[in-house]
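A short write-up of the structure that comes next.
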Amino acid sequence: MKKIQYILVTCLLILTACEPEIPMLTSGLDSTYAVVRMRALRLHPEFDGERYEWSMPDMNGNDSIVATTRDYLFVSACSGVYRLKFRIIDNDNPFTHNMVITVWDEDVAYSRYIAHVYDYCPAPGQFVGEMPRYEDGDTEESMRAKVEECISGTQDDLISLGGFGGYVTFGFDHSVVNVQDSLDFKILGNAFYASSNPNASNPNSGGSAEPGIVMVSIDSNGNGIPDDEWYELAGSEHAHSTTTYNYEITYYRTPTGHVPTPRPNSGVTDTTYIAWIDNQGTTGYIERNAFHTQDYFPQWLSDITLTFKGTRLPDNAVDVQGNGAYYVFTSYEWGYADNHANNASVVQNGFDIDWAVDSTGRKVHLPCIDFVRVYTAVNQQCGRVGEVSTEICRAEDLHIEVY
């Protein structure tokens, strides 16, 4: 009998050992986290359901909903301890999970200024190849490095983005946090106000303003490069009927053997220099002037054509005398780079991440951003003064103290 019992026990042990191991279910969320301030913490629950809620205590200790998406990006500009609650609202599988997030100060103080330029692709323009200077043998990478040297930190050397669509993409050494009811960063260029101004009632609206639209992006996939969705920061002209959405323009490299067509006594040496066509059925030229004699098409690129897409702002330059000799470039109210003088108020040169809209114009909430892109937003030729071209020299995170 003992032998039979032994055999039965052995068989049971063998059967038990052969059973597949049942994996333990996990929510994908921990109970405690530690993160450095101004660094995003990406939270992804493994469970799904009908609806989701993320909440944190408000100033009165009451739960305040901060997101209703499945995934949540937590980021804070300040160190401290934060309590976060996640709920799945589902009749069949409700779920609640509480987390404590400790936010530490960084070991090395963050910089307030640009830390890295990711790419630089100007449209043709009179300052392209001069700011920064192109030299034989330069490549996309060497020009990117030159641009990074120009606008990183407080170097403050201007770079030009050329005509409509030309852009630069940069970032800081941290995520820029979207602080509620606050401007989050500012961008400086070379706009200035003129003493001769056709709008006498508003002396800070004219001079030399070459507005650039600002785009922002979150490093959602965490790979450190700007390949995620972009959002436009909607400035004062965004909802105006004169603003053109989904505008597209293609520039053509000037062919070898091109014969210039000057405009006599105007300072314009070639009115048919670089041809362009847009998706509105309009054609035109980037004209060449006597003040800038280098090639206006980016010489480090091998492309025959360059195409850019974006939102086009209405023309902002006024031909004061009516003969193409003197233009006043009027400023828009707010929300654009190189649009107001650098010594203007932060309200005029600052940007709020809460202005972000998606490609359909729908307002979106971004808790922070990792990448900034600026592009020339006006397509206007202004006689001997040249094309409207956005220039920038610096950007600053307004939540980092100046030392």
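By convention in this document, the chains of the structure tokens carry letters A, B, ... by their order, each chain's residues are numbered from 1, and ligands are numbered from 1 in the order they are shown.
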Taking the backbone alone, and naming residues the way the document does, which bits of segment 169-353 of chain A are alpha helix (DSSP H) by DSSP, as a PDB file with C-alpha atoms, in the first residue's frame?
```pdb
ATOM      1  CA  VAL A 346       7.842  89.465 -22.049  1.00  0.00           C
ATOM      2  CA  VAL A 347       4.163  89.384 -23.020  1.00  0.00           C
ATOM      3  CA  GLN A 348       5.151  90.428 -26.549  1.00  0.00           C
ATOM      4  CA  ASN A 349       8.082  88.031 -26.891  1.00  0.00           C
TER       5      ASN A 349
END
```
- Item | Contacts of Gly129 of chain A at 8 Å (only C-alpha atoms; same-chain gap of 6+ positions) as a list in words |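 Contacts, with the query itself left out: Gln294, Asp295, Tyr296, Pro298 and Gln299 of chain A.
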Using C-alpha atoms, can you write the selected residues to a file as a JSON list (two decimals), in the first residue's frame?
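Output contents, as saved in selection.json:
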```
[["chain", "number", "residue", "atom", "x", "y", "z"],
["A", 294, "GLN", "CA", 26.20, 85.30, -52.26],
["A", 295, "ASP", "CA", 23.96, 82.47, -53.46],
["A", 296, "TYR", "CA", 20.59, 82.72, -51.68],
["A", 298, "PRO", "CA", 21.29, 76.84, -49.35],
["A", 299, "GLN", "CA", 24.52, 75.65, -50.97]]
```
| request: Tell me which protein, DNA and RNA residues are within 7 Å of segment 150-159 of chain A, counting only C-alpha atoms, leaving out same-chain ones fewer than 6 positions away, and put them as an MDAnalysis selection string. | output: chainID A and resid 113:116 131:132 391:394
Write the selection just made, keeping N, CA and C atoms, as a PDB file, in the first residue's frame?
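Okay, out-v1.pdb is ready:
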```pdb
ATOM      1  N   TYR A 113      18.823  78.492 -21.239  1.00  0.00           N
ATOM      2  CA  TYR A 113      18.960  78.809 -22.653  1.00  0.00           C
ATOM      3  C   TYR A 113      19.014  77.564 -23.546  1.00  0.00           C
ATOM      4  N   ILE A 114      19.002  77.787 -24.844  1.00  0.00           N
ATOM      5  CA  ILE A 114      19.071  76.697 -25.824  1.00  0.00           C
ATOM      6  C   ILE A 114      20.319  75.859 -25.570  1.00  0.00           C
ATOM      7  N   ALA A 115      20.142  74.545 -25.589  1.00  0.00           N
ATOM      8  CA  ALA A 115      21.267  73.626 -25.381  1.00  0.00           C
ATOM      9  C   ALA A 115      21.636  72.866 -26.640  1.00  0.00           C
ATOM     10  N   HIS A 116      20.663  72.667 -27.554  1.00  0.00           N
ATOM     11  CA  HIS A 116      20.948  71.837 -28.723  1.00  0.00           C
ATOM     12  C   HIS A 116      20.092  72.268 -29.905  1.00  0.00           C
ATOM     13  N   MET A 131      24.302  84.153 -42.384  1.00  0.00           N
ATOM     14  CA  MET A 131      23.977  84.031 -40.955  1.00  0.00           C
ATOM     15  C   MET A 131      23.381  82.652 -40.687  1.00  0.00           C
ATOM     16  N   PRO A 132      24.229  81.644 -40.362  1.00  0.00           N
ATOM     17  CA  PRO A 132      25.689  81.702 -40.286  1.00  0.00           C
ATOM     18  C   PRO A 132      26.334  81.591 -41.664  1.00  0.00           C
ATOM     19  N   GLU A 391      14.534  86.016 -38.269  1.00  0.00           N
ATOM     20  CA  GLU A 391      15.845  85.785 -37.658  1.00  0.00           C
ATOM     21  C   GLU A 391      15.665  85.592 -36.156  1.00  0.00           C
ATOM     22  N   ILE A 392      16.456  84.707 -35.574  1.00  0.00           N
ATOM     23  CA  ILE A 392      16.433  84.536 -34.119  1.00  0.00           C
ATOM     24  C   ILE A 392      17.859  84.452 -33.605  1.00  0.00           C
ATOM     25  N   CYS A 393      18.019  84.758 -32.314  1.00  0.00           N
ATOM     26  CA  CYS A 393      19.350  84.694 -31.714  1.00  0.00           C
ATOM     27  C   CYS A 393      19.356  84.000 -30.354  1.00  0.00           C
ATOM     28  N   ARG A 394      18.175  83.808 -29.742  1.00  0.00           N
ATOM     29  CA  ARG A 394      18.159  83.231 -28.397  1.00  0.00           C
ATOM     30  C   ARG A 394      16.761  82.747 -28.052  1.00  0.00           C
TER      31      ARG A 394
END
```
Subject >> Shell of 7 Å around segment 38-42 of chain A, only C-alpha atoms, local chain residues under 3 positions omitted, as a PyMOL selection string >> reply: chain A and resi 35+72-77+174-177
Those same residues, written as a compact mmCIF listing (two decimals), in the first residue's frame with C-alpha atoms?
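Once everything was written out, this is out.txt:
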```txt
# COMPACT_ATOMS: atom_id res chain seq x y z
CA VAL A 35 12.00 61.68 -10.79
CA TYR A 72 -0.32 60.19 -18.44
CA LEU A 73 2.80 62.32 -18.60
CA PHE A 74 3.74 63.65 -15.18
CA VAL A 75 6.19 66.54 -14.97
CA SER A 76 6.81 69.21 -12.36
CA ALA A 77 8.83 72.41 -12.32
CA HIS A 174 15.34 69.71 -19.83
CA SER A 175 11.64 69.68 -20.61
CA VAL A 176 9.97 73.09 -20.58
CA VAL A 177 7.05 72.72 -18.17
```
List the neighbours of segment 316-330 of chain A out to 6 Å using only C-alpha atoms; skip same-chain residues closer than 3 positions along the sequence, and give me the result as a PDB file with N, CA and C atoms, in the first residue's frame.
```pdb
ATOM      1  N   SER A 205       4.112  99.147 -33.343  1.00  0.00           N
ATOM      2  CA  SER A 205       3.577  98.167 -34.284  1.00  0.00           C
ATOM      3  C   SER A 205       4.352  98.136 -35.587  1.00  0.00           C
ATOM      4  N   GLY A 206       5.263  99.085 -35.798  1.00  0.00           N
ATOM      5  CA  GLY A 206       5.962  99.126 -37.076  1.00  0.00           C
ATOM      6  C   GLY A 206       7.451  99.279 -36.922  1.00  0.00           C
ATOM      7  N   GLY A 207       8.160  98.932 -37.970  1.00  0.00           N
ATOM      8  CA  GLY A 207       9.613  99.005 -37.980  1.00  0.00           C
ATOM      9  C   GLY A 207      10.139  97.859 -38.801  1.00  0.00           C
ATOM     10  N   SER A 208      10.767  96.901 -38.158  1.00  0.00           N
ATOM     11  CA  SER A 208      11.258  95.711 -38.834  1.00  0.00           C
ATOM     12  C   SER A 208      10.828  94.479 -38.050  1.00  0.00           C
ATOM     13  N   ALA A 209       9.649  93.975 -38.355  1.00  0.00           N
ATOM     14  CA  ALA A 209       9.126  92.755 -37.731  1.00  0.00           C
ATOM     15  C   ALA A 209       8.960  91.698 -38.813  1.00  0.00           C
ATOM     16  N   GLY A 383      10.883  94.744 -52.319  1.00  0.00           N
ATOM     17  CA  GLY A 383      11.809  95.565 -53.087  1.00  0.00           C
ATOM     18  C   GLY A 383      13.246  95.350 -52.688  1.00  0.00           C
TER      19      GLY A 383
END
```
Taking into account only C-alpha atoms, which residue in the set A:Thr244, A:Ser27, A:Thr96, A:Ser266 is nearest to Ser55 of chain A?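 Result for the nearest residue to Ser55 of chain A: A:Thr96.
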Counting only C-alpha atoms, the residue among A:Phe170, A:Phe86, A:Phe185, A:Tyr245 that lies closest to Asp352 of chain A is A:Phe185
| message | Set the distance at 6 Å and use only C-alpha atoms: which residues neighbour Ile277 of chain A once local chain neighbours fewer than 2 positions away are removed? I'd like the list as a PyMOL selection string. | response | chain A and resi 249-250+282-283
What separates atom CA of Leu84 of chain A and atom CA of Thr102 of chain A is a distance of 10.8 Å
### Task
Enumerate the residues of segment 239-338 of chain A with a DSSP assignment of strand (DSSP E or B), computed from the backbone, and present them as a PyMOL selection string.
chain A and resi 244-252+263+268-278+283-289+305-312+317-319+327-329+337
Please save N, CA and C atoms of the selected residues as a short mmCIF file (atom, residue, chain, number, x, y, z; two decimals), in the first residue's frame.
```cif
data_model
loop_
_atom_site.label_atom_id
_atom_site.label_comp_id
_atom_site.auth_asym_id
_atom_site.auth_seq_id
_atom_site.Cartn_x
_atom_site.Cartn_y
_atom_site.Cartn_z
N THR A 244 -3.68 81.88 -43.89
CA THR A 244 -3.84 80.73 -44.79
C THR A 244 -3.29 79.47 -44.12
N TYR A 245 -4.14 78.48 -43.94
CA TYR A 245 -3.72 77.21 -43.34
C TYR A 245 -3.30 76.22 -44.43
N ASN A 246 -2.43 75.30 -44.06
CA ASN A 246 -1.97 74.26 -45.00
C ASN A 246 -1.38 74.88 -46.26
N TYR A 247 -0.65 75.96 -46.06
CA TYR A 247 0.01 76.62 -47.18
C TYR A 247 1.26 75.82 -47.55
N GLU A 248 1.53 75.73 -48.84
CA GLU A 248 2.70 74.97 -49.31
C GLU A 248 3.39 75.76 -50.42
N ILE A 249 4.70 75.81 -50.36
CA ILE A 249 5.48 76.53 -51.36
C ILE A 249 6.69 75.70 -51.76
N THR A 250 7.03 75.76 -53.04
CA THR A 250 8.22 75.07 -53.55
C THR A 250 9.13 76.09 -54.23
N TYR A 251 10.39 76.11 -53.81
CA TYR A 251 11.41 76.99 -54.40
C TYR A 251 12.27 76.17 -55.36
N TYR A 252 12.73 76.82 -56.44
CA TYR A 252 13.53 76.15 -57.47
C TYR A 252 14.92 76.78 -57.52
N ARG A 263 15.99 95.46 -61.87
CA ARG A 263 15.03 96.56 -61.86
C ARG A 263 15.83 97.85 -61.73
N VAL A 268 17.58 96.35 -56.79
CA VAL A 268 17.28 94.95 -57.09
C VAL A 268 18.03 94.55 -58.35
N THR A 269 18.93 93.59 -58.22
CA THR A 269 19.77 93.19 -59.35
C THR A 269 19.20 92.03 -60.15
N ASP A 270 18.21 91.34 -59.60
CA ASP A 270 17.58 90.24 -60.34
C ASP A 270 16.18 90.00 -59.80
N THR A 271 15.17 90.35 -60.60
CA THR A 271 13.78 90.17 -60.17
C THR A 271 13.27 88.76 -60.42
N THR A 272 14.03 87.95 -61.14
CA THR A 272 13.60 86.57 -61.45
C THR A 272 14.65 85.57 -60.96
N TYR A 273 15.19 85.82 -59.77
CA TYR A 273 16.34 85.07 -59.28
C TYR A 273 15.99 83.63 -58.89
N ILE A 274 15.17 83.45 -57.87
CA ILE A 274 14.78 82.10 -57.42
C ILE A 274 13.26 81.98 -57.54
N ALA A 275 12.81 81.14 -58.44
CA ALA A 275 11.38 81.00 -58.70
C ALA A 275 10.71 80.16 -57.62
N TRP A 276 9.43 80.46 -57.37
CA TRP A 276 8.64 79.63 -56.46
C TRP A 276 7.21 79.52 -56.97
N ILE A 277 6.55 78.46 -56.54
CA ILE A 277 5.13 78.25 -56.83
C ILE A 277 4.47 77.72 -55.57
N ASP A 278 3.25 78.13 -55.28
CA ASP A 278 2.58 77.64 -54.08
C ASP A 278 1.32 76.86 -54.44
N THR A 283 2.61 82.17 -58.38
CA THR A 283 4.03 82.03 -58.64
C THR A 283 4.73 83.35 -58.32
N GLY A 284 6.02 83.29 -58.11
CA GLY A 284 6.77 84.50 -57.81
C GLY A 284 8.26 84.19 -57.74
N TYR A 285 9.01 85.15 -57.21
CA TYR A 285 10.46 85.02 -57.13
C TYR A 285 10.99 85.59 -55.81
N ILE A 286 12.06 84.95 -55.32
CA ILE A 286 12.91 85.59 -54.32
C ILE A 286 13.88 86.44 -55.13
N GLU A 287 13.79 87.74 -54.96
CA GLU A 287 14.63 88.64 -55.75
C GLU A 287 16.01 88.78 -55.13
N ARG A 288 16.96 89.14 -55.97
CA ARG A 288 18.34 89.35 -55.50
C ARG A 288 18.60 90.85 -55.46
N ASN A 289 19.31 91.30 -54.43
CA ASN A 289 19.62 92.72 -54.33
C ASN A 289 21.12 92.97 -54.32
N THR A 305 15.00 71.44 -55.67
CA THR A 305 13.84 72.16 -55.15
C THR A 305 13.77 72.01 -53.63
N LEU A 306 13.11 72.95 -53.00
CA LEU A 306 12.84 72.88 -51.56
C LEU A 306 11.36 73.18 -51.37
N THR A 307 10.66 72.31 -50.63
CA THR A 307 9.23 72.49 -50.37
C THR A 307 8.99 72.63 -48.88
N PHE A 308 8.16 73.61 -48.52
CA PHE A 308 7.82 73.86 -47.13
C PHE A 308 6.30 73.97 -46.99
N LYS A 309 5.81 73.54 -45.82
CA LYS A 309 4.37 73.59 -45.54
C LYS A 309 4.16 74.25 -44.18
N GLY A 310 3.03 74.93 -44.03
CA GLY A 310 2.72 75.53 -42.74
C GLY A 310 1.57 76.51 -42.84
N THR A 311 1.44 77.31 -41.80
CA THR A 311 0.43 78.36 -41.76
C THR A 311 1.06 79.65 -42.25
N ARG A 312 0.43 80.28 -43.21
CA ARG A 312 0.96 81.54 -43.74
C ARG A 312 0.20 82.72 -43.13
N ALA A 317 4.36 93.87 -44.36
CA ALA A 317 5.21 94.99 -44.74
C ALA A 317 4.41 95.99 -45.58
N VAL A 318 4.56 97.27 -45.24
CA VAL A 318 3.84 98.35 -45.91
C VAL A 318 4.82 99.18 -46.74
N ASP A 319 4.52 99.31 -48.03
CA ASP A 319 5.32 100.14 -48.93
C ASP A 319 4.92 101.60 -48.69
N TYR A 327 10.01 100.29 -46.83
CA TYR A 327 8.95 99.48 -46.25
C TYR A 327 8.99 99.57 -44.73
N VAL A 328 7.83 99.55 -44.11
CA VAL A 328 7.71 99.39 -42.67
C VAL A 328 7.08 98.03 -42.41
N PHE A 329 7.77 97.22 -41.62
CA PHE A 329 7.32 95.87 -41.31
C PHE A 329 6.55 95.92 -39.99
N ALA A 337 7.73 84.81 -33.23
CA ALA A 337 9.14 85.12 -33.03
C ALA A 337 9.55 86.25 -33.96
#
```
Top pick for closest residue to Trp300 of chain A, considering A:Ala356, A:Met143, A:Val378, A:Ile369 and counting only C-alpha atoms
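Of A:Ala356, A:Met143, A:Val378, A:Ile369, the one nearest Trp300 of chain A, counting only C-alpha atoms, is A:Met143.
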| For Gly162 of chain A, which residue among A:Thr376, A:Ser64, A:Asn221, A:Asn342 is the nearest when counting only C-alpha atoms? |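 Using only C-alpha atoms, Gly162 of chain A sits closest to A:Thr376.
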The distance between atom CA of Pro260 of chain A and atom CA of Ala290 of chain A is 12.2 Å
Atom CA of Leu301 of chain A to atom CA of Thr139 of chain A measures 7.4 Å
- Query: With only C-alpha atoms as the atoms that count, which of A:Val108, A:Val117, A:Val214, A:Ile101 lies nearest to Phe351 of chain A?
  - Reply: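 Result for the nearest residue to Phe351 of chain A: A:Val214.
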